[in-house]
Amino acid sequence: NAGGYIDLVGSVSDGAVTSEKIADNAVTSDKIADGHITTNKLHAEALDPAGNLSLQGSGGNVGIGTIAPLVTLDVKGEGIVRGDTGVGGLLSVQMADPTNANTGVLAFLRSRGTLLSETNVVDTDTLGELDFNGYFGGAYRTGAALQAEVQGTPAGSFVPTKLMFFMDAGAGLVEKMTLDKNGNLGLGATNPSHNLAVSGGMLVGSSATFSGITAPPASETGKGSIYYDTSANEFKVSENGGAYRSLASGKVTRIEFNTAGCTNGAYTVSEGVTAIRVESFGGGGGGGGGSGFISPNESGGGGGGGGAYVEHYITSPAASYDVFVGAGGTVGAGGGAGGAGLGGGNGGDSALWNSGSTCSTGQLAKAAGGQGGTGGTSGSGGSGGQNPYGSSTGDMIAPGKAGTQGGVNNPGAQGGRGGSPMKGGEGGLGGVYSAGGSAPQGIGAGGGGGGGNNNSPAGSGSSGTKGKVIIWEYR
């Protein structure tokens, strides 16, 4: 027209205008009057008779590959968002809503049938897949994928679905993790039957907490199931599909008591324990003191007897027990000039007692303490302490070794060894002249006797060592 603009208000016959009839740069934006070209004046048939591009005048929808776009942009077929050096390939879904009523959604729509006649999806249909591809060897290859699949029969307005995670570790895509419709997570297990199903080894950090895990069903499918029993405070496992047993079965625990005297309710039997073995060691007797008579009548004190060793088995233990650990016998003082020595004290018994009785009723596994050695007298050494067999009770009893007698004309006597030949202590050696007996070594050993001295203060004996109680728990 006179203004140099192109006016498309009138009609243009098909094929009348082609690219070869329009010179390059002949049509520019400043030659088209504003408002002269609008969407209701463009027809899909005129732009693209095959329907590959459609502009819909009434709704403003754009269709690519379809002549009936249903939404703002409707694409039938494939699409690529490309990026190049310095320009990233980015596909964004943006939503601005001050009320938070809406959000950006990337939706995969899957049906059977056709676009014009859709039908219901069925079990195992793939609803969508996200692929992560890398270019290698002349082609793009999938290294990981996330796939959604119908799991079960859709009903009402619900489509049961599971998510599957595929990874390529060098031999193609393999399903590595599955989250099923019930929320069960499988690691290496494609059909998880519990909240967490692991096929292969599993490492749990030290800070993990397992309380609240309930027992899986006891059935054939439950074989190998493991859970934490919060009431029993232990892990349990199903090995035969019908019952759960403690994972602690077969475990042996050692508990040791070393404090001399009675401890009320000291030992509480651990959960799941079916039997206990008690080892009791009696305390060793103290060595007697030497005498200070005029030579050749000065004499050494007798050595203290060793404490007994007892083993006792209890197959149906009570909930708890009192524990008594025998103390070592006290020192026998040496006599003064012209005087006799004093005897050493007896070692205490070690045993279990009924809980709450303050070690007064229901004694079990008693290991008797060794007797104290007697003091030296004029011309006669003190007698060694004894530990007779009948003074102890239990399934297996080893009496402590008796202390030896003190010598005449000054030597003291050696204390007795503890009752267990493998675990009992070694008695102390006797002293000479004014020297006291040496200290014993180990558990339940008798003290050495003190040496005699010519018309002078004699040596004192040494004290025995305390006993011990050891309990072995069996599950």
# chains A, B, ... in the order shown; residues from 1 in each chain; ligands from 1
>>> residues_around(residues="Thr393 (chain A)", least_positions_apart="3", cutoff="7 Å", atoms="only C-alpha atoms", output="list in words")
Ala365, Lys366 and Ala367 of chain A
>>> residues_around(residues="Val310 (chain A)", least_positions_apart="5", cutoff="7 Å", atoms="only C-alpha atoms", output="list in words")
Glu279, Ser280, Phe281, Ala365, Lys366, Ala367, Gly394, Met396, Ile397 and Ala398 of chain A
>>> write_last_selection(atoms="N, CA and C atoms", output="compact mmCIF listing (two decimals), in the first residue's frame")
# COMPACT_ATOMS: atom_id res chain seq x y z
N GLU A 279 31.52 -69.51 89.42
CA GLU A 279 32.83 -69.87 89.95
C GLU A 279 33.04 -69.03 91.22
N SER A 280 33.25 -69.73 92.36
CA SER A 280 33.46 -69.03 93.63
C SER A 280 34.85 -69.36 94.16
N PHE A 281 35.53 -68.35 94.64
CA PHE A 281 36.85 -68.50 95.26
C PHE A 281 36.76 -67.99 96.69
N ALA A 365 26.65 -72.34 95.66
CA ALA A 365 28.04 -72.24 95.18
C ALA A 365 28.97 -71.66 96.23
N LYS A 366 28.94 -72.26 97.44
CA LYS A 366 29.78 -71.75 98.53
C LYS A 366 31.20 -72.28 98.42
N ALA A 367 32.16 -71.35 98.36
CA ALA A 367 33.58 -71.69 98.42
C ALA A 367 34.10 -71.22 99.76
N GLY A 394 28.72 -77.30 96.12
CA GLY A 394 28.66 -77.00 94.68
C GLY A 394 28.83 -78.26 93.87
N MET A 396 31.26 -78.91 91.69
CA MET A 396 32.67 -79.31 91.67
C MET A 396 33.41 -78.50 92.71
N ILE A 397 34.14 -79.21 93.62
CA ILE A 397 34.79 -78.54 94.74
C ILE A 397 36.27 -78.89 94.74
N ALA A 398 37.11 -77.88 94.86
CA ALA A 398 38.55 -78.08 95.04
C ALA A 398 38.96 -77.35 96.31
>>> atom_distance(atom1="CA of Glu311 (chain A)", atom2="CA of Asp395 (chain A)")
5.9 Å
>>> atom_distance(atom1="CA of Asp97 (chain A)", atom2="CA of Val71 (chain A)")
19.8 Å
>>> closest_residue(among="A:Ala445, A:Leu179, A:Ala144, A:Ala171", to="Ala402 (chain A)", atoms="only C-alpha atoms")
A:Ala445
>>> closest_residue(among="A:Gly282, A:Gly437, A:Gly407, A:Gly400", to="Ala368 (chain A)", atoms="only C-alpha atoms")
A:Gly282
>>> closest_residue(among="A:Gly156, A:Gly452, A:Gly283, A:Gly362", to="Ala318 (chain A)", atoms="only C-alpha atoms")
A:Gly362
>>> closest_residue(among="A:Thr377, A:Ile471, A:Asn297, A:Gly200", to="Val252 (chain A)", atoms="only C-alpha atoms")
A:Ile471
>>> select_by_dssp(residues="region 237-421 of chain A", states="strand (DSSP E or B)", output="number ranges by chain")
A: 237-238, 244-246, 252-257, 261-268, 275-281, 292, 299, 309-314, 320-325, 337, 350-354, 364-367, 377, 380, 396-398, 408, 411
>>> atom_distance(atom1="CA of Gly406 (chain A)", atom2="CA of Gly300 (chain A)")
4.4 Å
>>> residues_around(residues="Gly442 (chain A)", least_positions_apart="4", cutoff="8 Å", atoms="only C-alpha atoms", output="list in words")
Lys423, Gly424, Gly425, Glu426 and Thr465 of chain A
>>> write_last_selection(atoms="N, CA and C atoms", output="short mmCIF file (atom, residue, chain, number, x, y, z; two decimals), in the first residue's frame")
data_model
loop_
_atom_site.label_atom_id
_atom_site.label_comp_id
_atom_site.auth_asym_id
_atom_site.auth_seq_id
_atom_site.Cartn_x
_atom_site.Cartn_y
_atom_site.Cartn_z
N LYS A 423 43.79 -71.37 88.92
CA LYS A 423 43.38 -69.98 89.12
C LYS A 423 43.65 -69.46 90.53
N GLY A 424 43.94 -70.36 91.49
CA GLY A 424 44.15 -69.91 92.86
C GLY A 424 45.48 -69.21 93.02
N GLY A 425 45.58 -68.37 94.08
CA GLY A 425 46.82 -67.64 94.31
C GLY A 425 47.87 -68.50 95.00
N GLU A 426 49.07 -68.00 95.02
CA GLU A 426 50.20 -68.68 95.66
C GLU A 426 50.39 -68.10 97.05
N THR A 465 44.68 -63.24 100.74
CA THR A 465 44.04 -62.44 99.69
C THR A 465 42.54 -62.76 99.61
#
>>> closest_residue(among="A:Gly328, A:Phe293, A:Gly265, A:Ser392", to="Ser357 (chain A)", atoms="only C-alpha atoms")
A:Gly265
